[in-house]
file entry.cif (mmCIF, C-alpha atoms and all ligand atoms)
data_entry
#
loop_
_atom_site.label_atom_id
_atom_site.label_comp_id
_atom_site.auth_asym_id
_atom_site.auth_seq_id
_atom_site.Cartn_x
_atom_site.Cartn_y
_atom_site.Cartn_z
CA MET A 1 154.41 -119.57 70.86
CA ASN A 2 151.01 -118.14 71.71
CA PRO A 3 151.15 -114.68 73.22
CA VAL A 4 149.09 -114.04 76.34
CA PRO A 5 146.54 -112.68 76.65
CA ARG A 6 144.91 -112.92 73.23
CA ALA A 7 141.59 -111.69 71.95
CA LEU A 8 140.31 -114.09 69.30
CA ILE A 9 137.85 -112.32 67.04
CA ASP A 10 135.45 -114.53 65.11
CA LEU A 11 134.58 -112.50 62.02
CA GLY A 12 132.15 -115.23 60.98
CA ALA A 13 130.20 -114.54 64.17
CA ILE A 14 130.06 -110.83 63.31
CA ARG A 15 128.70 -111.67 59.85
CA HIS A 16 126.18 -114.02 61.44
CA ASN A 17 125.06 -111.21 63.76
CA LEU A 18 124.72 -108.82 60.82
CA GLY A 19 122.44 -111.42 59.26
CA LEU A 20 120.33 -111.30 62.41
CA VAL A 21 120.01 -107.51 62.05
CA ARG A 22 118.85 -108.12 58.48
CA ARG A 23 116.24 -110.64 59.58
CA HIS A 24 114.84 -108.27 62.23
CA ALA A 25 114.86 -105.22 59.96
CA PRO A 26 114.58 -106.60 56.41
CA LYS A 27 113.54 -103.28 54.87
CA SER A 28 116.23 -101.19 56.55
CA ARG A 29 119.64 -100.21 55.30
CA ILE A 30 122.38 -100.80 57.84
CA TRP A 31 125.02 -98.48 59.24
CA ALA A 32 127.31 -101.00 60.95
CA VAL A 33 128.59 -99.11 63.98
CA ILE A 34 132.34 -99.71 64.24
CA LYS A 35 133.40 -96.79 66.46
CA ALA A 36 135.96 -97.32 69.23
CA ASP A 37 137.96 -99.77 67.11
CA ALA A 38 134.78 -101.74 66.44
CA TYR A 39 134.10 -102.03 70.18
CA GLY A 40 137.60 -103.47 70.60
CA HIS A 41 137.31 -105.96 67.72
CA GLY A 42 139.57 -104.17 65.22
CA MET A 43 137.90 -101.61 62.98
CA GLU A 44 139.71 -102.43 59.75
CA ALA A 45 139.22 -106.18 59.95
CA VAL A 46 135.57 -105.81 60.90
CA ALA A 47 134.94 -103.33 58.06
CA SER A 48 136.58 -105.67 55.55
CA SER A 49 134.48 -108.54 56.70
CA LEU A 50 131.10 -106.76 56.77
CA LYS A 51 130.54 -106.57 53.04
CA GLY A 52 126.79 -106.82 53.60
CA ALA A 53 126.44 -103.49 55.40
CA GLU A 54 125.38 -100.48 53.32
CA GLY A 55 127.59 -98.15 55.35
CA PHE A 56 129.68 -97.73 58.47
CA ALA A 57 129.13 -95.41 61.41
CA VAL A 58 131.92 -94.08 63.61
CA ALA A 59 131.94 -91.52 66.42
CA ARG A 60 134.73 -89.24 65.21
CA VAL A 61 136.13 -87.85 61.99
CA ALA A 62 139.55 -89.42 62.70
CA GLU A 63 137.91 -92.85 62.80
CA GLY A 64 136.24 -92.21 59.45
CA ARG A 65 139.55 -91.18 57.93
CA ARG A 66 141.14 -94.35 59.23
CA LEU A 67 138.51 -96.33 57.32
CA ARG A 68 139.10 -94.36 54.12
CA ASP A 69 142.86 -94.96 54.50
CA HIS A 70 142.03 -98.63 54.75
CA GLY A 71 140.30 -98.46 51.37
CA VAL A 72 136.67 -98.36 52.49
CA HIS A 73 134.58 -96.65 49.79
CA LYS A 74 131.15 -97.09 51.31
CA PRO A 75 129.20 -94.32 53.01
CA ILE A 76 130.64 -93.47 56.42
CA LEU A 77 128.61 -91.54 58.98
CA VAL A 78 130.30 -89.55 61.77
CA LEU A 79 127.88 -89.78 64.70
CA GLU A 80 129.33 -86.88 66.69
CA GLY A 81 129.82 -84.68 63.65
CA PRO A 82 132.80 -82.30 63.25
CA ILE A 83 134.00 -80.46 66.35
CA ASP A 84 135.80 -77.60 64.59
CA ALA A 85 136.65 -76.19 61.15
CA THR A 86 139.65 -78.47 60.66
CA ASP A 87 137.52 -81.45 61.54
CA LEU A 88 134.88 -80.38 59.01
CA ASP A 89 137.52 -79.94 56.30
CA ALA A 90 138.86 -83.41 57.02
CA ALA A 91 135.36 -84.87 56.91
CA GLN A 92 134.66 -83.20 53.57
CA ASP A 93 137.98 -84.27 52.07
CA ALA A 94 137.33 -87.86 53.13
CA GLY A 95 133.74 -87.76 51.88
CA LEU A 96 132.26 -88.53 55.29
CA GLU A 97 128.60 -87.91 56.10
CA ILE A 98 128.12 -85.96 59.29
CA ALA A 99 125.54 -85.81 62.05
CA LEU A 100 124.62 -82.19 62.64
CA HIS A 101 123.35 -81.63 66.15
CA GLN A 102 123.66 -77.93 66.93
CA ALA A 103 123.32 -74.56 65.23
CA TRP A 104 126.98 -73.87 65.82
CA GLN A 105 127.88 -76.58 63.31
CA VAL A 106 125.85 -74.69 60.70
CA ASP A 107 128.15 -71.70 61.33
CA LEU A 108 131.11 -73.98 60.58
CA ILE A 109 129.53 -75.16 57.34
CA GLU A 110 128.63 -71.60 56.29
CA ALA A 111 132.20 -70.48 56.86
CA ALA A 112 133.54 -73.50 54.98
CA ALA A 113 131.18 -72.85 52.04
CA ARG A 114 132.66 -69.35 51.70
CA ARG A 115 136.20 -70.60 52.03
CA ARG A 116 136.38 -73.77 49.98
CA THR A 117 135.05 -75.65 47.00
CA PRO A 118 133.03 -78.86 47.13
CA PRO A 119 132.66 -81.84 47.77
CA ALA A 120 129.30 -81.01 49.29
CA VAL A 121 128.75 -81.91 52.93
CA ARG A 122 126.21 -84.67 53.36
CA VAL A 123 124.30 -83.94 56.56
CA TRP A 124 122.14 -86.08 58.82
CA LEU A 125 120.08 -83.87 61.09
CA LYS A 126 120.44 -85.27 64.59
CA LEU A 127 117.25 -84.74 66.52
CA ASP A 128 116.97 -84.76 70.31
CA THR A 129 113.77 -86.65 71.12
CA GLY A 130 114.48 -87.27 74.79
CA MET A 131 118.05 -88.49 75.20
CA HIS A 132 119.16 -84.93 76.06
CA ARG A 133 122.79 -85.49 75.19
CA ILE A 134 123.30 -84.07 71.71
CA GLY A 135 120.70 -83.21 69.11
CA ILE A 136 118.47 -80.44 67.82
CA LEU A 137 115.24 -80.03 69.76
CA PRO A 138 112.17 -80.50 67.53
CA GLY A 139 111.20 -76.82 67.94
CA GLN A 140 114.61 -75.67 66.68
CA LEU A 141 114.68 -77.84 63.60
CA SER A 142 113.09 -75.60 60.97
CA PRO A 143 115.38 -72.56 61.34
CA ILE A 144 118.40 -74.85 61.13
CA CYS A 145 116.95 -76.61 58.08
CA ALA A 146 116.26 -73.27 56.45
CA ARG A 147 119.84 -72.10 56.97
CA LEU A 148 121.22 -75.35 55.57
CA ARG A 149 118.93 -75.25 52.54
CA ARG A 150 120.24 -71.79 51.70
CA LEU A 151 123.72 -73.34 51.49
CA GLU A 152 122.74 -75.90 48.85
CA PRO A 153 124.45 -77.30 46.81
CA ALA A 154 127.45 -76.96 49.16
CA VAL A 155 125.33 -78.93 51.64
CA SER A 156 122.86 -81.70 51.11
CA ILE A 157 120.52 -82.82 53.85
CA VAL A 158 120.30 -86.58 53.44
CA GLY A 159 118.44 -87.78 56.51
CA LEU A 160 117.06 -87.34 59.97
CA MET A 161 118.33 -89.38 62.89
CA THR A 162 117.66 -89.71 66.58
CA HIS A 163 119.10 -91.86 69.36
CA LEU A 164 117.08 -93.92 71.83
CA ALA A 165 117.83 -93.35 75.52
CA ASN A 166 116.09 -96.29 77.19
CA ALA A 167 115.56 -98.90 74.50
CA ASP A 168 117.42 -101.54 76.55
CA ASP A 169 114.32 -101.70 78.74
CA ALA A 170 111.56 -103.13 76.56
CA ASP A 171 108.86 -101.70 78.82
CA ASP A 172 110.10 -98.11 78.96
CA PRO A 173 107.46 -95.81 77.45
CA LEU A 174 109.98 -93.15 76.34
CA THR A 175 111.02 -95.23 73.31
CA ALA A 176 107.62 -95.15 71.59
CA GLY A 177 107.41 -91.38 72.08
CA GLN A 178 110.92 -90.85 70.68
CA CYS A 179 110.09 -92.93 67.60
CA GLU A 180 106.82 -91.08 67.02
CA THR A 181 108.35 -87.62 67.27
CA ALA A 182 111.16 -88.50 64.87
CA ALA A 183 108.87 -90.26 62.39
CA ALA A 184 106.48 -87.29 62.24
CA LEU A 185 109.31 -84.84 61.55
CA ALA A 186 110.92 -87.09 58.94
CA ARG A 187 107.59 -87.33 57.10
CA GLN A 188 107.13 -83.58 57.29
CA LEU A 189 110.62 -82.93 55.88
CA GLY A 190 110.48 -85.80 53.40
CA LEU A 191 113.74 -87.26 54.75
CA PRO A 192 114.92 -90.83 55.31
CA LEU A 193 114.86 -91.72 59.01
CA SER A 194 117.41 -93.53 61.18
CA ILE A 195 116.52 -94.62 64.72
CA GLY A 196 117.31 -98.17 65.76
CA ASN A 197 120.43 -99.01 67.73
CA SER A 198 120.79 -102.69 68.69
CA ALA A 199 118.19 -102.51 71.46
CA GLY A 200 115.77 -100.70 69.16
CA ILE A 201 116.26 -103.22 66.37
CA LEU A 202 115.65 -106.20 68.65
CA GLY A 203 112.99 -104.76 70.93
CA HIS A 204 111.05 -102.02 69.15
CA PRO A 205 109.55 -102.51 65.67
CA THR A 206 109.01 -98.74 65.22
CA ALA A 207 112.78 -98.23 65.53
CA ARG A 208 113.37 -100.38 62.39
CA THR A 209 113.51 -97.33 60.16
CA ASP A 210 115.00 -96.60 56.69
CA TRP A 211 118.44 -96.90 58.21
CA VAL A 212 119.35 -98.71 61.44
CA ARG A 213 122.58 -98.39 63.45
CA PRO A 214 123.48 -101.66 65.20
CA GLY A 215 126.62 -101.73 67.32
CA ILE A 216 126.85 -104.11 70.26
CA MET A 217 124.70 -106.81 68.64
CA LEU A 218 127.15 -107.11 65.74
CA TYR A 219 129.71 -108.24 68.28
CA GLY A 220 127.31 -110.71 69.86
CA GLY A 221 126.57 -108.62 72.96
CA SER A 222 123.05 -108.46 74.32
CA PRO A 223 121.67 -104.91 74.28
CA LEU A 224 118.57 -105.80 76.29
CA LEU A 225 118.47 -105.79 80.08
CA GLY A 226 118.41 -109.29 81.52
CA ARG A 227 118.24 -110.92 78.08
CA ASP A 228 120.75 -113.58 77.24
CA ALA A 229 122.71 -112.95 74.00
CA ALA A 230 122.53 -116.61 72.95
CA ALA A 231 118.75 -116.69 73.47
CA LEU A 232 118.51 -113.70 71.13
CA GLY A 233 120.40 -115.70 68.47
CA LEU A 234 123.63 -113.70 68.82
CA ARG A 235 127.09 -115.24 68.65
CA PRO A 236 129.89 -113.71 70.72
CA ALA A 237 132.68 -112.45 68.47
CA MET A 238 135.42 -111.86 71.03
CA THR A 239 136.95 -114.53 73.22
CA LEU A 240 139.57 -113.16 75.59
CA ILE A 241 142.03 -115.89 76.44
CA SER A 242 145.04 -116.24 78.67
CA ARG A 243 146.78 -119.05 80.49
CA LEU A 244 147.41 -120.38 83.94
CA MET A 245 150.99 -119.39 84.70
CA ALA A 246 151.31 -120.72 88.28
CA ILE A 247 149.48 -122.93 90.75
CA GLN A 248 150.31 -122.90 94.48
CA PRO A 249 148.84 -124.85 97.39
CA ARG A 250 147.79 -122.30 100.03
CA ASP A 251 147.10 -122.73 103.73
CA PRO A 252 143.99 -121.78 105.69
CA GLY A 253 144.09 -118.05 106.44
CA ASP A 254 146.62 -117.17 103.71
CA PRO A 255 145.87 -113.72 102.26
CA ILE A 256 145.93 -113.49 98.46
CA GLY A 257 147.34 -110.56 96.46
CA TYR A 258 147.53 -106.82 97.14
CA GLY A 259 145.84 -105.79 100.36
CA GLY A 260 145.09 -109.42 101.25
CA THR A 261 141.41 -108.80 100.61
CA TYR A 262 140.77 -112.54 100.26
CA ARG A 263 141.84 -115.11 102.85
CA CYS A 264 141.86 -118.81 102.05
CA PRO A 265 139.15 -120.52 104.12
CA GLU A 266 140.99 -123.87 103.97
CA SER A 267 143.95 -125.56 102.30
CA MET A 268 143.37 -124.94 98.62
CA PRO A 269 145.08 -124.59 95.25
CA VAL A 270 145.23 -121.01 93.96
CA GLY A 271 146.07 -120.43 90.32
CA VAL A 272 147.53 -117.31 88.74
CA VAL A 273 146.35 -116.21 85.29
CA ALA A 274 148.37 -113.90 83.05
CA VAL A 275 145.86 -111.10 82.61
CA GLY A 276 145.27 -107.91 84.55
CA TYR A 277 144.05 -104.35 84.36
CA GLY A 278 147.04 -103.50 82.14
CA ASP A 279 145.30 -105.64 79.53
CA GLY A 280 141.91 -104.08 80.13
CA TYR A 281 140.60 -106.72 82.53
CA PRO A 282 138.60 -104.61 85.00
CA ARG A 283 140.44 -103.91 88.25
CA HIS A 284 137.15 -103.70 90.07
CA ALA A 285 136.23 -107.30 89.27
CA PRO A 286 135.44 -108.63 92.75
CA THR A 287 136.21 -112.01 94.29
CA GLY A 288 133.75 -114.42 92.70
CA THR A 289 133.93 -113.08 89.14
CA PRO A 290 134.07 -116.20 86.94
CA VAL A 291 136.76 -117.36 84.52
CA LEU A 292 136.58 -120.57 82.46
CA ILE A 293 139.20 -123.31 82.78
CA ARG A 294 138.75 -126.75 81.20
CA GLY A 295 135.16 -125.86 80.49
CA GLN A 296 134.40 -125.11 84.15
CA ARG A 297 133.89 -121.83 85.93
CA ALA A 298 136.35 -120.82 88.62
CA PRO A 299 136.00 -117.65 90.72
CA ILE A 300 138.76 -115.07 90.88
CA VAL A 301 140.00 -114.28 94.40
CA GLY A 302 141.60 -111.11 95.77
CA ARG A 303 142.46 -107.99 93.85
CA VAL A 304 143.14 -107.81 90.13
CA SER A 305 146.75 -106.68 89.56
CA MET A 306 148.19 -105.03 86.47
CA ASP A 307 149.38 -108.28 84.90
CA MET A 308 147.80 -111.10 86.89
CA ILE A 309 144.70 -112.38 88.62
CA SER A 310 144.37 -115.22 91.15
CA VAL A 311 141.72 -117.92 90.89
CA ASP A 312 140.30 -120.46 93.30
CA LEU A 313 141.04 -123.87 91.77
CA ARG A 314 139.22 -126.02 94.33
CA GLY A 315 136.59 -126.92 91.75
CA ILE A 316 139.15 -127.84 89.07
CA PRO A 317 141.67 -130.18 90.77
CA ASP A 318 143.14 -131.38 87.46
CA ALA A 319 144.05 -127.85 86.30
CA GLU A 320 147.69 -127.53 85.19
CA VAL A 321 150.08 -124.68 84.52
CA GLY A 322 149.71 -123.76 80.84
CA ASP A 323 145.97 -124.42 80.72
CA GLN A 324 143.95 -122.04 78.62
CA VAL A 325 141.80 -119.62 80.61
CA ILE A 326 138.82 -117.88 79.03
CA LEU A 327 138.07 -114.50 80.61
CA TRP A 328 134.95 -114.03 78.48
CA GLY A 329 133.57 -115.10 75.15
CA ARG A 330 132.92 -118.65 74.00
CA GLY A 331 131.45 -120.55 76.97
CA LEU A 332 131.45 -117.54 79.30
CA PRO A 333 129.15 -114.69 78.24
CA VAL A 334 130.74 -111.26 78.66
CA GLU A 335 127.40 -110.20 80.18
CA ASP A 336 128.03 -112.56 83.13
CA VAL A 337 131.41 -110.99 83.79
CA ALA A 338 129.98 -107.47 83.38
CA ALA A 339 127.21 -108.23 85.89
CA ASN A 340 129.82 -109.24 88.48
CA VAL A 341 131.89 -106.13 87.85
CA GLY A 342 128.96 -103.73 87.89
CA THR A 343 129.42 -102.60 84.31
CA ILE A 344 128.08 -103.45 80.87
CA ASN A 345 129.32 -105.70 78.06
CA TYR A 346 130.10 -102.60 75.94
CA GLU A 347 132.71 -101.32 78.37
CA LEU A 348 134.52 -104.63 78.83
CA LEU A 349 134.78 -105.21 75.06
CA CYS A 350 136.04 -101.77 74.11
CA ARG A 351 138.57 -101.35 76.91
CA ILE A 352 140.87 -104.18 75.79
CA SER A 353 144.33 -102.59 75.85
CA PRO A 354 146.84 -102.50 72.99
CA ARG A 355 148.93 -105.03 74.92
CA VAL A 356 146.41 -107.75 74.02
CA ALA A 357 147.24 -109.62 70.81
CA VAL A 358 144.15 -109.45 68.61
CA GLU A 359 143.74 -112.33 66.16
CA HIS A 360 141.03 -112.49 63.54
CA LEU A 361 139.50 -115.80 62.54
CA ASN A 362 137.27 -116.63 59.57
CA GLY A 363 138.23 -113.53 57.62
CA ASP A 364 137.30 -113.21 53.95
CA ALA A 365 139.92 -114.50 51.56
CA ASP A 366 140.42 -111.00 50.15
CA SER A 367 140.47 -109.24 53.49
CA PRO A 368 143.78 -107.71 54.46
CA CYS A 369 143.85 -109.35 57.86
CA HIS A 370 145.53 -112.69 58.45
CA GLU A 371 143.75 -115.88 59.25
CA HIS A 372 144.81 -117.72 62.34
CA LYS A 373 143.79 -121.08 63.65
CA ALA A 374 142.12 -121.16 67.02
CA ARG A 375 143.89 -123.39 69.50
C1 LIG B 401 127.05 -96.15 69.57
C2 LIG B 401 125.84 -95.71 68.85
C3 LIG B 401 124.99 -96.63 68.23
C4 LIG B 401 125.13 -98.13 68.41
O1 LIG B 401 124.54 -98.49 69.64
P1 LIG B 401 124.45 -100.01 70.14
O2 LIG B 401 123.71 -99.91 71.42
O3 LIG B 401 125.86 -100.48 70.34
O4 LIG B 401 123.74 -100.77 69.09
C5 LIG B 401 123.96 -96.14 67.45
N1 LIG B 401 123.75 -94.80 67.32
C6 LIG B 401 124.52 -93.89 67.95
C7 LIG B 401 124.23 -92.44 67.78
C8 LIG B 401 125.58 -94.31 68.74
O5 LIG B 401 126.34 -93.40 69.37
#
call {"tool": "encode", "arguments": {"input": "entry.cif", "output": "structure tokens", "more": "lines below"}}
Ligand SMILES: *Cc1c(COP(=O)(O)O)cnc(C)c1O
result
Amino acid sequence: MNPVPRALIDLGAIRHNLGLVRRHAPKSRIWAVIKADAYGHGMEAVASSLKGAEGFAVARVAEGRRLRDHGVHKPILVLEGPIDATDLDAAQDAGLEIALHQAWQVDLIEAAARRRTPPAVRVWLKLDTGMHRIGILPGQLSPICARLRRLEPAVSIVGLMTHLANADDADDPLTAGQCETAAALARQLGLPLSIGNSAGILGHPTARTDWVRPGIMLYGGSPLLGRDAAALGLRPAMTLISRLMAIQPRDPGDPIGYGGTYRCPESMPVGVVAVGYGDGYPRHAPTGTPVLIRGQRAPIVGRVSMDMISVDLRGIPDAEVGDQVILWGRGLPVEDVAANVGTINYELLCRISPRVAVEHLNGDADSPCHEHKAR
């Protein structure tokens, strides 16, 4: 029996996409960004399958520890850095590298250096070059550096990083300025530099620095506004699948689902698919959002419920109960669904709920995850 819904994760596609990062940034080392359960793709399985990456980046210390528990020995970078003393201890014990983005984190490290013995904390200075979320402003960098250098060898500063705010728009002038500021400071400090996220790697050569940090592109998502993932050479890794569980002939004027927000314009077959917001399918998906049945697009109609959605089957008269329905992935780019819903591919991928059965395909023989055959 095949559970519904299922997220089929093609690990071969993720490795292919890593290869594309390599081709765009051949001189860079790669932090494969696998935060948020690898954007919904399963952090452990993705880590096991990305043997080619030099390291992994996660948002939080707990995610880094999960990777260590899974037996990952490579460098792991915590992009948000530690949020308190316990977090810093945990990061040190697990040998995680941390992004340091405010003076207050230097206080934490100073206190820890008095309190405990090594391992040394490996620190990436996180510079704010225009994103204005987290990061040290360029003018505040040298006092922080000086304080950290006094703590050596309990601390070692291993790199400088910054995050691009508008790299998804190839024409935005902020990106060049961000890259320049960071590059100048890295040269001055003699530190390796990390800039490129997926959009930077694909769209901005100056973001292809010593280390790059691809996330969404590893999963086959397009990071560039209005640019098709397939045209960029990316392969979608996640295909979210469910099945048609009912088909009913409806009469003209029949309202469909909660609130009756859709009324049938004529006699028509309406199918019901076993997926809803309880699985992470977005409740705000409006009438018209496409699903794929028998290789053809059909629009959803009416409101998304917790466990079900309704679809207009007028264009697919041979559809039968039990048919496979693709919500996004192979044959239906997640970007198309996201555009209908008014969100981005990132959000749809990483909000898949634990109720969805995740199955990994094309895993390495020695990876701990099981291989399954796609239907
Ligand atoms: C999430 C994240 C990335 C990856 O971004 P993508 O757009 O998914 O490639 C890189 N760097 C930082 C600091 C991040 O938070």
call {"tool": "closest_residue", "arguments": {"input": "entry.cif", "among": "A:Leu96, A:Val158, A:Val337, A:Ala91", "to": "Leu191 of chain A", "atoms": "all atoms listed in the file"}}
result
A:Val158
call {"tool": "closest_residue", "arguments": {"input": "entry.cif", "among": "A:Gly159, A:Pro214, A:Gly135, A:Gly71", "to": "ligand LIG 401 (chain B)", "atoms": "all atoms listed in the file"}}
result
A:Pro214
call {"tool": "residues_near_ligand", "arguments": {"input": "entry.cif", "ligand": "ligand LIG 401 (chain B)", "cutoff": "10 Å", "atoms": "only C-alpha atoms and all ligand atoms", "output": "PDB file with C-alpha atoms, keeping the file's coordinate frame"}}
result
ATOM      1  CA  TRP A  31     125.020 -98.480  59.240  1.00  0.00           C
ATOM      2  CA  ALA A  32     127.310-101.000  60.950  1.00  0.00           C
ATOM      3  CA  VAL A  33     128.590 -99.110  63.980  1.00  0.00           C
ATOM      4  CA  ILE A  34     132.340 -99.710  64.240  1.00  0.00           C
ATOM      5  CA  LYS A  35     133.400 -96.790  66.460  1.00  0.00           C
ATOM      6  CA  ALA A  36     135.960 -97.320  69.230  1.00  0.00           C
ATOM      7  CA  ALA A  38     134.780-101.740  66.440  1.00  0.00           C
ATOM      8  CA  TYR A  39     134.100-102.030  70.180  1.00  0.00           C
ATOM      9  CA  ALA A  57     129.130 -95.410  61.410  1.00  0.00           C
ATOM     10  CA  VAL A  58     131.920 -94.080  63.610  1.00  0.00           C
ATOM     11  CA  ALA A  59     131.940 -91.520  66.420  1.00  0.00           C
ATOM     12  CA  LEU A  77     128.610 -91.540  58.980  1.00  0.00           C
ATOM     13  CA  VAL A  78     130.300 -89.550  61.770  1.00  0.00           C
ATOM     14  CA  LEU A  79     127.880 -89.780  64.700  1.00  0.00           C
ATOM     15  CA  GLU A  80     129.330 -86.880  66.690  1.00  0.00           C
ATOM     16  CA  ALA A  99     125.540 -85.810  62.050  1.00  0.00           C
ATOM     17  CA  LYS A 126     120.440 -85.270  64.590  1.00  0.00           C
ATOM     18  CA  ILE A 134     123.300 -84.070  71.710  1.00  0.00           C
ATOM     19  CA  GLY A 135     120.700 -83.210  69.110  1.00  0.00           C
ATOM     20  CA  MET A 161     118.330 -89.380  62.890  1.00  0.00           C
ATOM     21  CA  THR A 162     117.660 -89.710  66.580  1.00  0.00           C
ATOM     22  CA  HIS A 163     119.100 -91.860  69.360  1.00  0.00           C
ATOM     23  CA  LEU A 164     117.080 -93.920  71.830  1.00  0.00           C
ATOM     24  CA  ALA A 165     117.830 -93.350  75.520  1.00  0.00           C
ATOM     25  CA  ALA A 167     115.560 -98.900  74.500  1.00  0.00           C
ATOM     26  CA  ASP A 168     117.420-101.540  76.550  1.00  0.00           C
ATOM     27  CA  SER A 194     117.410 -93.530  61.180  1.00  0.00           C
ATOM     28  CA  ILE A 195     116.520 -94.620  64.720  1.00  0.00           C
ATOM     29  CA  GLY A 196     117.310 -98.170  65.760  1.00  0.00           C
ATOM     30  CA  ASN A 197     120.430 -99.010  67.730  1.00  0.00           C
ATOM     31  CA  SER A 198     120.790-102.690  68.690  1.00  0.00           C
ATOM     32  CA  ALA A 199     118.190-102.510  71.460  1.00  0.00           C
ATOM     33  CA  GLY A 200     115.770-100.700  69.160  1.00  0.00           C
ATOM     34  CA  ILE A 201     116.260-103.220  66.370  1.00  0.00           C
ATOM     35  CA  LEU A 202     115.650-106.200  68.650  1.00  0.00           C
ATOM     36  CA  VAL A 212     119.350 -98.710  61.440  1.00  0.00           C
ATOM     37  CA  ARG A 213     122.580 -98.390  63.450  1.00  0.00           C
ATOM     38  CA  PRO A 214     123.480-101.660  65.200  1.00  0.00           C
ATOM     39  CA  GLY A 215     126.620-101.730  67.320  1.00  0.00           C
ATOM     40  CA  ILE A 216     126.850-104.110  70.260  1.00  0.00           C
ATOM     41  CA  MET A 217     124.700-106.810  68.640  1.00  0.00           C
ATOM     42  CA  LEU A 218     127.150-107.110  65.740  1.00  0.00           C
ATOM     43  CA  TYR A 219     129.710-108.240  68.280  1.00  0.00           C
ATOM     44  CA  GLY A 221     126.570-108.620  72.960  1.00  0.00           C
ATOM     45  CA  SER A 222     123.050-108.460  74.320  1.00  0.00           C
ATOM     46  CA  PRO A 223     121.670-104.910  74.280  1.00  0.00           C
ATOM     47  CA  LEU A 224     118.570-105.800  76.290  1.00  0.00           C
ATOM     48  CA  ASN A 345     129.320-105.700  78.060  1.00  0.00           C
ATOM     49  CA  TYR A 346     130.100-102.600  75.940  1.00  0.00           C
TER      50      TYR A 346
END
call {"tool": "residues_near_point", "arguments": {"input": "entry.cif", "point": "(130.7, -109.9, 54.2)", "cutoff": "10 Å", "atoms": "only C-alpha atoms", "output": "ChimeraX atom specification"}}
result
/A:11-12,14-16,18-19,46-53,363-364,367
call {"tool": "residues_around", "arguments": {"input": "entry.cif", "residues": "Leu189 of chain A", "least_positions_apart": "5", "cutoff": "10 Å", "atoms": "only C-alpha atoms", "output": "list in words"}}
result
Ser142, Cys145, Gly159, Leu160, Ala183 and Ala184 of chain A
call {"tool": "residues_around", "arguments": {"input": "entry.cif", "residues": "Gly288 of chain A", "least_positions_apart": "4", "cutoff": "12 Å", "atoms": "only C-alpha atoms", "output": "list in words"}}
result
Tyr262, His284, Arg297, Ala298, Pro299, Ile300, Val301, Gly302, Arg303, Val304, Ile309, Ser310, Val311, Asp312, Leu313, Asp336, Val337, Ala339, Asn340 and Val341 of chain A
